[in-house]
file start.txt (compact mmCIF, C-alpha atoms and all ligand atoms)
# COMPACT_ATOMS: atom_id res chain seq x y z
CA MET A 1 7.38 28.01 30.30
CA LYS A 2 9.83 28.10 33.12
CA ILE A 3 12.31 25.25 33.12
CA ASN A 4 10.80 23.88 36.30
CA GLN A 5 7.31 23.66 34.86
CA GLN A 6 8.58 22.13 31.67
CA PHE A 7 10.50 19.56 33.62
CA ILE A 8 7.53 18.62 35.77
CA LEU A 9 5.21 18.30 32.78
CA PHE A 10 7.74 16.23 30.89
CA SER A 11 8.33 13.95 33.84
CA LEU A 12 4.63 13.49 34.34
CA ALA A 13 4.14 12.63 30.68
CA VAL A 14 6.90 10.05 30.85
CA ILE A 15 5.50 8.58 34.04
CA LEU A 16 1.99 8.31 32.62
CA PHE A 17 3.35 6.80 29.45
CA PHE A 18 5.22 4.08 31.35
CA GLY A 19 2.38 3.57 33.74
CA PHE A 20 -0.11 2.79 31.00
CA MET A 21 2.33 0.94 28.81
CA HIS A 22 2.58 -1.90 31.26
CA HIS A 23 0.39 -4.86 30.47
CA ASN A 24 0.36 -7.90 32.64
CA VAL A 25 0.40 -10.54 29.93
CA PHE A 26 1.80 -13.40 31.94
CA ALA A 27 0.13 -16.77 31.63
CA GLN A 28 -2.48 -16.13 28.98
CA THR A 29 -3.31 -17.99 25.82
CA VAL A 30 -5.14 -16.63 22.79
CA THR A 31 -7.65 -18.86 21.04
CA ILE A 32 -8.60 -17.87 17.50
CA GLU A 33 -12.31 -17.69 16.75
CA ALA A 34 -12.34 -17.18 12.99
CA ASP A 35 -10.96 -18.92 9.95
CA ASP A 36 -8.25 -17.38 7.82
CA LEU A 37 -7.65 -14.48 10.21
CA LEU A 38 -4.86 -12.16 9.09
CA VAL A 39 -1.78 -11.80 11.27
CA ARG A 40 -0.08 -8.42 10.90
CA LYS A 41 3.26 -6.91 11.78
CA GLY A 42 1.72 -4.25 13.99
CA PRO A 43 -1.52 -3.26 15.76
CA ALA A 44 -3.38 -1.64 12.82
CA THR A 45 -4.73 -2.68 9.42
CA THR A 46 -2.04 -0.52 7.82
CA TYR A 47 0.63 -3.01 8.90
CA GLU A 48 1.83 -5.65 6.47
CA PRO A 49 0.25 -9.12 6.85
CA ILE A 50 2.70 -11.87 7.84
CA GLY A 51 0.35 -14.86 7.74
CA HIS A 52 -2.98 -16.43 8.72
CA VAL A 53 -4.37 -18.23 11.73
CA ASN A 54 -7.44 -20.45 11.96
CA GLN A 55 -10.39 -21.32 14.18
CA ASP A 56 -9.51 -23.04 17.49
CA GLU A 57 -5.76 -22.57 17.17
CA SER A 58 -4.04 -21.34 20.33
CA TYR A 59 -1.07 -19.01 20.73
CA PRO A 60 0.78 -17.45 23.66
CA LEU A 61 -0.36 -13.89 24.31
CA LEU A 62 2.55 -11.44 24.11
CA ASP A 63 0.97 -8.00 24.29
CA GLU A 64 -2.31 -6.17 23.81
CA THR A 65 -3.84 -2.83 22.93
CA ASP A 66 -7.50 -1.87 23.10
CA ASP A 67 -8.25 -3.38 19.68
CA TRP A 68 -5.36 -5.70 18.93
CA ILE A 69 -3.67 -8.74 20.46
CA ALA A 70 -0.07 -9.75 19.87
CA ILE A 71 0.56 -13.47 19.65
CA ASP A 72 3.68 -15.56 19.41
CA TYR A 73 3.35 -16.52 15.76
CA ASP A 74 6.03 -19.13 15.12
CA GLY A 75 8.61 -17.18 17.07
CA GLN A 76 7.61 -13.77 15.64
CA THR A 77 5.30 -11.20 17.18
CA GLY A 78 2.11 -11.09 15.13
CA TRP A 79 -0.95 -8.90 15.70
CA VAL A 80 -4.56 -10.06 15.28
CA SER A 81 -7.82 -8.19 15.76
CA ARG A 82 -9.17 -8.60 19.29
CA GLN A 83 -12.68 -9.04 17.84
CA TYR A 84 -11.93 -12.55 16.60
CA VAL A 85 -10.11 -14.10 19.56
CA SER A 86 -10.73 -15.16 23.12
CA ILE A 87 -8.17 -15.05 25.91
CA ILE A 88 -7.74 -17.88 28.39
CA ASP A 89 -5.82 -17.68 31.67
CA GLN A 90 -3.07 -20.19 32.27
CA GLU A 91 -4.87 -21.36 35.44
CA THR A 92 -7.58 -22.84 33.22
CA VAL A 93 -5.11 -24.39 30.83
CA THR A 94 -3.00 -25.88 33.62
CA ASN A 95 -5.97 -27.44 35.36
CA LYS A 96 -7.11 -28.93 32.10
CA ASN A 97 -3.70 -30.44 31.47
CA LEU A 98 -3.60 -31.90 34.94
CA LEU A 99 -6.91 -33.63 34.34
CA ASP A 100 -5.80 -34.88 30.95
CA ASN A 101 -2.51 -36.18 32.20
CA GLU A 102 -2.67 -38.00 35.51
CA SER A 103 0.97 -39.00 35.30
CA SER A 104 2.28 -35.45 35.31
CA SER A 105 3.92 -35.92 38.71
CA ILE A 106 7.64 -36.19 38.29
CA ASP A 107 10.01 -37.37 40.91
CA THR A 108 13.34 -35.66 40.76
CA SER A 109 16.38 -35.42 42.93
CA THR A 110 17.05 -31.79 42.04
CA GLY A 111 13.69 -30.20 42.73
CA ASP A 112 10.04 -30.92 43.18
CA LEU A 113 8.41 -30.73 39.79
CA SER A 114 5.19 -32.37 40.85
CA ASN A 115 3.20 -29.17 40.62
CA ILE A 116 4.72 -28.00 37.38
CA ASP A 117 3.50 -29.48 34.16
CA THR A 118 3.58 -26.42 31.96
CA PHE A 119 6.11 -23.66 32.28
CA LYS A 120 7.31 -20.60 30.44
CA LEU A 121 10.87 -20.63 29.19
CA PRO A 122 12.85 -18.13 31.26
CA VAL A 123 15.38 -17.29 28.51
CA ASP A 124 15.58 -16.83 24.77
CA ARG A 125 16.97 -19.11 22.04
CA VAL A 126 16.42 -22.47 23.72
CA HIS A 127 17.25 -25.43 21.50
CA LEU A 128 14.66 -28.19 21.43
CA ARG A 129 16.74 -31.31 20.70
CA SER A 130 15.77 -34.64 19.19
CA GLU A 131 17.82 -36.57 21.80
CA ALA A 132 19.09 -35.85 25.31
CA THR A 133 22.46 -34.65 24.06
CA THR A 134 23.85 -31.42 22.62
CA GLN A 135 25.08 -33.43 19.62
CA SER A 136 21.55 -34.24 18.47
CA GLU A 137 19.43 -32.44 15.90
CA ILE A 138 17.83 -29.07 16.78
CA LEU A 139 14.09 -29.46 16.18
CA ALA A 140 13.20 -25.86 17.02
CA VAL A 141 14.61 -22.71 18.60
CA LEU A 142 12.23 -21.52 21.30
CA SER A 143 11.82 -17.97 22.58
CA GLN A 144 11.60 -16.60 26.07
CA GLY A 145 8.07 -16.83 27.41
CA GLN A 146 6.99 -19.73 25.21
CA LYS A 147 5.28 -22.51 27.06
CA VAL A 148 6.36 -26.13 27.08
CA THR A 149 4.72 -29.12 28.71
CA ILE A 150 6.88 -31.49 30.71
CA VAL A 151 6.68 -35.11 29.59
CA GLU A 152 9.36 -36.56 31.85
CA LYS A 153 12.65 -35.81 33.50
CA THR A 154 15.09 -37.91 31.51
CA ASN A 155 18.11 -37.51 33.77
CA ASP A 156 19.85 -34.79 35.80
CA ASP A 157 20.69 -32.83 32.67
CA TRP A 158 17.71 -33.21 30.35
CA ILE A 159 13.94 -32.94 30.41
CA LYS A 160 11.60 -34.24 27.76
CA VAL A 161 8.95 -31.68 26.79
CA ASN A 162 6.20 -31.09 24.28
CA TRP A 163 6.04 -27.82 22.40
CA GLN A 164 3.24 -27.25 19.90
CA ASP A 165 3.22 -30.48 17.84
CA LYS A 166 6.85 -31.33 18.60
CA SER A 167 8.37 -33.46 21.30
CA GLY A 168 12.02 -33.11 22.29
CA PHE A 169 14.59 -32.43 24.98
CA ILE A 170 15.73 -29.24 26.70
CA PRO A 171 18.42 -28.76 29.40
CA SER A 172 17.01 -29.27 32.89
CA TRP A 173 18.55 -26.07 34.29
CA LEU A 174 15.88 -24.17 32.37
CA ILE A 175 13.19 -25.30 34.75
CA ASP A 176 12.63 -22.62 37.24
CA TYR A 177 11.68 -24.33 40.47
CA LYS A 178 10.58 -20.98 41.77
CA SER A 179 7.73 -20.94 39.28
CA ASN A 180 6.18 -23.73 41.30
CA LYS A 181 2.73 -22.57 42.32
CA VAL A 182 3.26 -23.31 45.98
CA ASN A 183 6.30 -21.09 46.04
CA LYS A 184 4.42 -18.43 44.16
CA LEU A 185 1.78 -18.26 46.86
CA ASN A 186 4.38 -18.19 49.60
CA SER A 187 6.85 -15.83 48.01
CA SER A 188 7.59 -12.63 49.89
CA LEU A 189 7.66 -11.00 46.44
CA LYS A 190 3.93 -11.45 45.95
CA ASP A 191 2.31 -8.08 45.07
CA LYS A 192 5.58 -6.21 45.56
CA VAL A 193 6.08 -3.38 43.06
CA ILE A 194 9.50 -3.56 41.45
CA VAL A 195 10.73 -0.93 39.00
CA ILE A 196 13.57 -2.19 36.82
CA ASP A 197 15.72 0.32 35.00
CA PRO A 198 17.61 -1.31 32.10
CA GLY A 199 20.61 1.04 31.98
CA HIS A 200 21.21 3.25 28.92
CA GLY A 201 19.32 2.84 25.59
CA GLY A 202 19.12 4.42 22.15
CA ASP A 203 22.02 6.78 21.45
CA ASP A 204 23.32 6.20 24.95
CA VAL A 205 24.85 2.79 24.30
CA GLY A 206 26.65 2.51 27.65
CA THR A 207 30.04 0.83 27.63
CA ILE A 208 31.23 -1.09 24.60
CA SER A 209 32.29 -4.68 25.12
CA ILE A 210 35.43 -6.40 23.98
CA THR A 211 33.41 -7.96 21.15
CA ASP A 212 31.89 -4.56 20.21
CA ASN A 213 28.52 -5.18 21.82
CA TYR A 214 26.73 -2.43 23.69
CA GLU A 215 25.97 -2.40 27.39
CA LYS A 216 22.41 -1.18 26.61
CA LYS A 217 21.69 -4.51 24.91
CA TYR A 218 22.84 -6.61 27.85
CA THR A 219 21.02 -4.51 30.44
CA LEU A 220 17.72 -4.98 28.59
CA TYR A 221 18.34 -8.71 28.15
CA THR A 222 19.00 -9.19 31.87
CA SER A 223 16.04 -7.01 32.82
CA GLN A 224 13.66 -9.08 30.68
CA ILE A 225 14.74 -12.34 32.28
CA LEU A 226 14.53 -10.79 35.73
CA LYS A 227 11.05 -9.43 35.01
CA ASN A 228 9.83 -12.85 33.97
CA GLN A 229 11.16 -14.47 37.14
CA LEU A 230 9.75 -11.78 39.44
CA GLU A 231 6.32 -12.02 37.79
CA LEU A 232 6.30 -15.78 38.23
CA LEU A 233 6.55 -15.09 41.95
CA GLY A 234 3.68 -12.62 41.89
CA ALA A 235 5.59 -9.32 41.82
CA LYS A 236 4.31 -6.36 39.80
CA VAL A 237 7.15 -5.31 37.54
CA TYR A 238 7.54 -2.04 35.64
CA PHE A 239 10.30 -1.03 33.25
CA THR A 240 11.75 2.44 32.72
CA ARG A 241 12.34 1.40 29.10
CA GLU A 242 11.09 -1.66 27.23
CA ASP A 243 13.01 -1.18 24.03
CA ASP A 244 16.12 0.36 22.55
CA PHE A 245 15.22 4.01 23.09
CA TYR A 246 16.99 6.79 24.86
CA TYR A 247 15.21 7.98 27.97
CA ALA A 248 16.69 10.69 30.16
CA LEU A 249 18.01 9.59 33.53
CA THR A 250 15.78 11.91 35.56
CA PRO A 251 12.37 10.33 34.86
CA ARG A 252 13.62 6.82 35.58
CA PRO A 253 13.65 7.00 39.38
CA LEU A 254 10.59 9.28 39.26
CA LEU A 255 8.63 6.33 37.90
CA ALA A 256 9.59 4.40 41.05
CA ASN A 257 8.54 7.36 43.20
CA TYR A 258 5.25 7.72 41.34
CA LEU A 259 4.40 4.02 41.71
CA ALA A 260 5.61 3.97 45.33
CA ALA A 261 7.76 1.04 44.28
CA ASP A 262 9.00 -1.35 46.94
CA VAL A 263 12.34 -1.49 45.14
CA PHE A 264 14.00 0.36 42.27
CA LEU A 265 16.82 -1.53 40.50
CA SER A 266 19.08 0.07 37.92
CA ILE A 267 20.82 -2.64 35.86
CA HIS A 268 24.30 -2.04 34.42
CA TYR A 269 27.42 -3.76 33.21
CA ASN A 270 30.94 -2.54 33.85
CA SER A 271 34.03 -1.98 31.74
CA GLU A 272 37.68 -1.26 32.37
CA PRO A 273 39.48 -1.71 29.04
CA GLN A 274 42.79 -0.68 30.64
CA HIS A 275 42.45 -3.65 33.06
CA PRO A 276 41.14 -6.49 30.90
CA SER A 277 41.31 -8.95 33.77
CA ALA A 278 38.94 -6.91 35.99
CA SER A 279 35.84 -8.98 36.74
CA GLY A 280 32.94 -9.38 39.12
CA ILE A 281 29.86 -7.74 40.55
CA ASN A 282 29.45 -4.43 42.41
CA THR A 283 26.32 -3.39 44.26
CA TYR A 284 25.74 0.32 44.92
CA HIS A 285 23.28 2.04 47.20
CA LEU A 286 23.15 5.70 48.20
CA LYS A 287 21.04 6.01 51.33
CA ASP A 288 22.06 4.32 54.59
CA ALA A 289 18.55 2.90 54.80
CA ASP A 290 19.25 0.82 51.69
CA GLN A 291 22.31 -0.91 53.13
CA ASP A 292 20.28 -3.94 54.12
CA LEU A 293 18.69 -4.23 50.69
CA ALA A 294 22.15 -4.00 49.14
CA SER A 295 23.50 -6.79 51.38
CA TYR A 296 20.70 -9.21 50.57
CA VAL A 297 20.77 -8.65 46.82
CA HIS A 298 24.56 -8.67 46.63
CA GLN A 299 24.76 -11.90 48.62
CA GLY A 300 22.15 -13.53 46.37
CA LEU A 301 24.12 -12.47 43.29
CA ILE A 302 27.47 -13.76 44.54
CA ASP A 303 26.00 -17.04 45.83
CA ASN A 304 24.17 -17.79 42.59
CA THR A 305 26.72 -16.64 40.01
CA GLY A 306 29.99 -17.45 41.77
CA ALA A 307 31.27 -14.15 40.31
CA ASN A 308 34.19 -12.23 41.80
CA ASP A 309 32.83 -10.33 44.81
CA ARG A 310 33.71 -6.64 44.39
CA GLY A 311 31.61 -5.69 47.34
CA ILE A 312 28.95 -3.17 48.30
CA ALA A 313 29.61 0.55 48.21
CA THR A 314 27.78 3.84 48.30
CA GLY A 315 27.42 5.33 44.83
CA ASP A 316 26.28 8.88 44.23
CA TYR A 317 24.43 8.12 41.01
CA LEU A 318 21.74 10.47 39.75
CA VAL A 319 19.17 7.68 39.49
CA LEU A 320 19.75 6.77 43.14
CA ARG A 321 19.81 10.39 44.29
CA LEU A 322 16.40 11.11 42.75
CA SER A 323 14.79 7.90 43.95
CA LYS A 324 12.72 8.31 47.08
CA ARG A 325 12.21 4.55 47.16
CA PRO A 326 14.65 1.81 48.25
CA GLY A 327 17.05 1.62 45.34
CA LEU A 328 20.19 -0.09 44.06
CA LEU A 329 22.44 0.24 41.08
CA LEU A 330 23.92 -3.12 40.08
CA GLU A 331 27.09 -3.51 38.00
CA LEU A 332 26.67 -7.14 37.02
CA GLY A 333 30.00 -7.90 35.38
CA PHE A 334 32.77 -6.64 33.11
CA LEU A 335 32.16 -6.44 29.37
CA SER A 336 35.85 -5.57 28.95
CA ASN A 337 36.76 -9.02 30.24
CA ASP A 338 36.78 -11.62 27.48
CA HIS A 339 35.80 -14.53 29.73
CA GLU A 340 33.19 -12.60 31.68
CA GLU A 341 31.47 -11.27 28.57
CA LYS A 342 31.10 -14.85 27.30
CA GLU A 343 29.48 -15.80 30.59
CA ILE A 344 27.17 -12.79 30.41
CA GLN A 345 26.13 -13.83 26.90
CA SER A 346 25.07 -17.30 28.02
CA PRO A 347 21.43 -17.82 28.98
CA ASP A 348 22.26 -20.05 31.95
CA TYR A 349 24.52 -17.41 33.48
CA GLN A 350 21.81 -14.81 32.88
CA LEU A 351 19.39 -17.04 34.71
CA LYS A 352 21.84 -17.26 37.63
CA ILE A 353 22.07 -13.47 37.76
CA SER A 354 18.29 -13.18 37.86
CA GLU A 355 17.90 -15.92 40.42
CA GLY A 356 20.52 -14.22 42.57
CA ILE A 357 18.60 -10.94 42.51
CA VAL A 358 15.29 -12.73 43.11
CA GLU A 359 16.72 -14.67 46.05
CA GLY A 360 18.17 -11.48 47.52
CA LEU A 361 14.87 -9.62 47.18
CA GLU A 362 12.92 -12.52 48.69
CA ASN A 363 15.22 -12.55 51.71
CA TYR A 364 15.00 -8.78 52.01
CA PHE A 365 11.19 -8.77 51.94
CA SER A 366 10.97 -11.73 54.31
CA ASN A 367 12.95 -9.74 56.84
CA HIS A 368 11.28 -6.34 56.42
ZN ZN A 401 25.97 1.52 32.67
call {"tool": "encode", "arguments": {"input": "start.txt", "output": "structure tokens", "more": "lines below"}}
Ligand SMILES: [Zn+2]
result
Amino acid sequence: MKINQQFILFSLAVILFFGFMHHNVFAQTVTIEADDLLVRKGPATTYEPIGHVNQDESYPLLDETDDWIAIDYDGQTGWVSRQYVSIIDQETVTNKNLLDNESSSIDTSTGDLSNIDTFKLPVDRVHLRSEATTQSEILAVLSQGQKVTIVEKTNDDWIKVNWQDKSGFIPSWLIDYKSNKVNKLNSSLKDKVIVIDPGHGGDDVGTISITDNYEKKYTLYTSQILKNQLELLGAKVYFTREDDFYYALTPRPLLANYLAADVFLSIHYNSEPQHPSASGINTYHLKDADQDLASYVHQGLIDNTGANDRGIATGDYLVLRLSKRPGLLLELGFLSNDHEEKEIQSPDYQLKISEGIVEGLENYFSNH
């Protein structure tokens, strides 16, 4: 085949693959309808069993195929046969909780929690503590996407929550006020198609940090948090890669073109080992038409993170050149800077990055 034909077929295959890979799994619970049902490592009977679940138990839904459902099985991903489960939307669960618990309204000085009684954790590795202090015992380590029920707001720093059969405290900054249903209905992000490109992957590790971590790991981490936040506000989010695999640069923006995405965002981290003090955030666009998008997102990032403002510039990156949709490439901080890498590793800073991007996109869509 001619190179051109090969390229087109390959691109199309990649696009179809990504297109069908996306499952909207937000806000669903799996109820088991059999006793002693095997939980397996993967979606086939050939995968090793990792445990059992029983009638009427409920688990967060993580993923699905035609025949199998992935559940959050004590912090691991476990697969069960679709035949023996039913899937319940969060709407149903939330309404039920509201009826069960009349006192779920919480008055708070930092945000209106009155409509939130159950929420998904926006980041990974959250410590559920026995007391409202970081010195207390860790009862459990919770994963991103797991649901907790708010019991009460203890003070400005801590919230008491229930998780499975445990009751404990988590830091209050974890509550995403934007997940409030009212905001969700009003958000300018509702039904917007966002393609996120977690930079690098697989053999292409990106830059290497001062602590020998790879950029590809951080870009995926940030992208996952961002995806969660955007979906809470009703956006439809697609990834150019969902795991640690190498995908060529060319198909990445083509996915955005194919989906007629409202925005294409390529997520990166920076490095300048010869200038270890270099720090801050750069926002790049290529087309003049994307200047406005760049301003909103960059402003949101700087406002929310307080990072060094390295400004907006035009960047002739391949992923931006091939994108026919509004697109940005974000360099979200320096992995060669000791202090900045520590920030980037912390879940609360990651949340600030995501909230900055979300705020910028909301402002952009409200004005376009
Ligand atoms: Zn990069």
call {"tool": "residues_around", "arguments": {"input": "start.txt", "residues": "Arg241 (chain A)", "least_positions_apart": "6", "cutoff": "9 Å", "atoms": "only C-alpha atoms", "output": "PyMOL selection string"}}
result
chain A and resi 18+196-199+201+220+247+252
call {"tool": "write_last_selection", "arguments": {"input": "start.txt", "atoms": "C-alpha atoms", "output": "mmCIF file, keeping the file's coordinate frame"}}
result
data_model
loop_
_atom_site.group_PDB
_atom_site.id
_atom_site.type_symbol
_atom_site.label_atom_id
_atom_site.label_comp_id
_atom_site.auth_asym_id
_atom_site.auth_seq_id
_atom_site.Cartn_x
_atom_site.Cartn_y
_atom_site.Cartn_z
ATOM 1 C CA PHE A 18 5.220 4.080 31.350
ATOM 2 C CA ILE A 196 13.570 -2.190 36.820
ATOM 3 C CA ASP A 197 15.720 0.320 35.000
ATOM 4 C CA PRO A 198 17.610 -1.310 32.100
ATOM 5 C CA GLY A 199 20.610 1.040 31.980
ATOM 6 C CA GLY A 201 19.320 2.840 25.590
ATOM 7 C CA LEU A 220 17.720 -4.980 28.590
ATOM 8 C CA TYR A 247 15.210 7.980 27.970
ATOM 9 C CA ARG A 252 13.620 6.820 35.580
#
call {"tool": "closest_residue", "arguments": {"input": "start.txt", "among": "A:Val151, A:Ile87, A:Ile50, A:Val205", "to": "ligand ZN 401 (chain A)", "atoms": "all atoms listed in the file"}}
result
A:Val205
call {"tool": "atom_distance", "arguments": {"input": "start.txt", "atom1": "CA of Leu293 (chain A)", "atom2": "CA of Gly145 (chain A)"}}
result
28.5 Å
call {"tool": "residues_near_ligand", "arguments": {"input": "start.txt", "ligand": "ligand ZN 401 (chain A)", "cutoff": "12 Å", "atoms": "only C-alpha atoms and all ligand atoms", "output": "mmCIF file with C-alpha atoms, in the coordinates of the input"}}
result
data_model
loop_
_atom_site.group_PDB
_atom_site.id
_atom_site.type_symbol
_atom_site.label_atom_id
_atom_site.label_comp_id
_atom_site.auth_asym_id
_atom_site.auth_seq_id
_atom_site.Cartn_x
_atom_site.Cartn_y
_atom_site.Cartn_z
ATOM 1 C CA ASP A 197 15.720 0.320 35.000
ATOM 2 C CA PRO A 198 17.610 -1.310 32.100
ATOM 3 C CA GLY A 199 20.610 1.040 31.980
ATOM 4 C CA HIS A 200 21.210 3.250 28.920
ATOM 5 C CA GLY A 201 19.320 2.840 25.590
ATOM 6 C CA ASP A 204 23.320 6.200 24.950
ATOM 7 C CA VAL A 205 24.850 2.790 24.300
ATOM 8 C CA GLY A 206 26.650 2.510 27.650
ATOM 9 C CA THR A 207 30.040 0.830 27.630
ATOM 10 C CA ILE A 208 31.230 -1.090 24.600
ATOM 11 C CA SER A 209 32.290 -4.680 25.120
ATOM 12 C CA TYR A 214 26.730 -2.430 23.690
ATOM 13 C CA GLU A 215 25.970 -2.400 27.390
ATOM 14 C CA LYS A 216 22.410 -1.180 26.610
ATOM 15 C CA LYS A 217 21.690 -4.510 24.910
ATOM 16 C CA TYR A 218 22.840 -6.610 27.850
ATOM 17 C CA THR A 219 21.020 -4.510 30.440
ATOM 18 C CA LEU A 220 17.720 -4.980 28.590
ATOM 19 C CA LEU A 249 18.010 9.590 33.530
ATOM 20 C CA SER A 266 19.080 0.070 37.920
ATOM 21 C CA ILE A 267 20.820 -2.640 35.860
ATOM 22 C CA HIS A 268 24.300 -2.040 34.420
ATOM 23 C CA TYR A 269 27.420 -3.760 33.210
ATOM 24 C CA ASN A 270 30.940 -2.540 33.850
ATOM 25 C CA SER A 271 34.030 -1.980 31.740
ATOM 26 C CA ASN A 282 29.450 -4.430 42.410
ATOM 27 C CA TYR A 317 24.430 8.120 41.010
ATOM 28 C CA VAL A 319 19.170 7.680 39.490
ATOM 29 C CA LEU A 329 22.440 0.240 41.080
ATOM 30 C CA LEU A 330 23.920 -3.120 40.080
ATOM 31 C CA GLU A 331 27.090 -3.510 38.000
ATOM 32 C CA LEU A 332 26.670 -7.140 37.020
ATOM 33 C CA GLY A 333 30.000 -7.900 35.380
ATOM 34 C CA PHE A 334 32.770 -6.640 33.110
ATOM 35 C CA LEU A 335 32.160 -6.440 29.370
#
call {"tool": "atom_distance", "arguments": {"input": "start.txt", "atom1": "CA of Ile281 (chain A)", "atom2": "CA of Leu226 (chain A)"}}
result
16.4 Å
call {"tool": "closest_residue", "arguments": {"input": "start.txt", "among": "A:Pro347, A:Ala235, A:Ser58, A:Leu189", "to": "Pro171 (chain A)", "atoms": "all atoms listed in the file"}}
result
A:Pro347
call {"tool": "atom_distance", "arguments": {"input": "start.txt", "atom1": "CA of Asn162 (chain A)", "atom2": "CA of Arg82 (chain A)"}}
result
27.7 Å
call {"tool": "residues_around", "arguments": {"input": "start.txt", "residues": "Ile210 (chain A)", "least_positions_apart": "4", "cutoff": "7 Å", "atoms": "all atoms listed in the file", "output": "JSON, numbers by chain"}}
result
{"A": [335, 336, 337, 338]}
call {"tool": "residues_around", "arguments": {"input": "start.txt", "residues": "Arg40 (chain A)", "least_positions_apart": "3", "cutoff": "6 Å", "atoms": "only C-alpha atoms", "output": "PyMOL selection string"}}
result
chain A and resi 47-50+78-79
call {"tool": "write_last_selection", "arguments": {"input": "start.txt", "atoms": "C-alpha atoms", "output": "tab-separated table (two decimals), keeping the file's coordinate frame"}}
result
chain	number	residue	atom	x	y	z
A	47	TYR	CA	0.63	-3.01	8.90
A	48	GLU	CA	1.83	-5.65	6.47
A	49	PRO	CA	0.25	-9.12	6.85
A	50	ILE	CA	2.70	-11.87	7.84
A	78	GLY	CA	2.11	-11.09	15.13
A	79	TRP	CA	-0.95	-8.90	15.70
call {"tool": "closest_residue", "arguments": {"input": "start.txt", "among": "A:Asn363, A:Thr134, A:Ser223, A:Asn257", "to": "Gln299 (chain A)", "atoms": "only C-alpha atoms"}}
result
A:Asn363
call {"tool": "residues_around", "arguments": {"input": "start.txt", "residues": "Gly300 (chain A)", "least_positions_apart": "4", "cutoff": "8 Å", "atoms": "all atoms listed in the file", "output": "list in words"}}
result
Tyr296, Asn304, Glu355, Gly356, Ile357, Val358, Glu359 and Gly360 of chain A
call {"tool": "closest_residue", "arguments": {"input": "start.txt", "among": "A:Ala34, A:Ala44, A:Val161, A:Ile353", "to": "Val148 (chain A)", "atoms": "only C-alpha atoms"}}
result
A:Val161
call {"tool": "closest_residue", "arguments": {"input": "start.txt", "among": "A:Tyr349, A:Phe119, A:Phe365, A:Tyr246", "to": "Leu232 (chain A)", "atoms": "all atoms listed in the file"}}
result
A:Phe119
call {"tool": "closest_residue", "arguments": {"input": "start.txt", "among": "A:Ala289, A:Asp156, A:Gly168, A:Asp117", "to": "Arg129 (chain A)", "atoms": "only C-alpha atoms"}}
result
A:Gly168
call {"tool": "residues_near_point", "arguments": {"input": "start.txt", "point": "(-9.4, -0.9, 24.6)", "cutoff": "12 Å", "atoms": "all atoms listed in the file", "output": "ChimeraX atom specification"}}
result
/A:20,64-69,81-83
call {"tool": "residues_near_point", "arguments": {"input": "start.txt", "point": "(2.5, -27.4, 16.6)", "cutoff": "12 Å", "atoms": "only C-alpha atoms", "output": "list in words"}}
result
Glu57, Ser58, Tyr59, Tyr73, Asp74, Gly75, Leu139, Ala140, Lys147, Val148, Asn162, Trp163, Gln164, Asp165, Lys166 and Ser167 of chain A
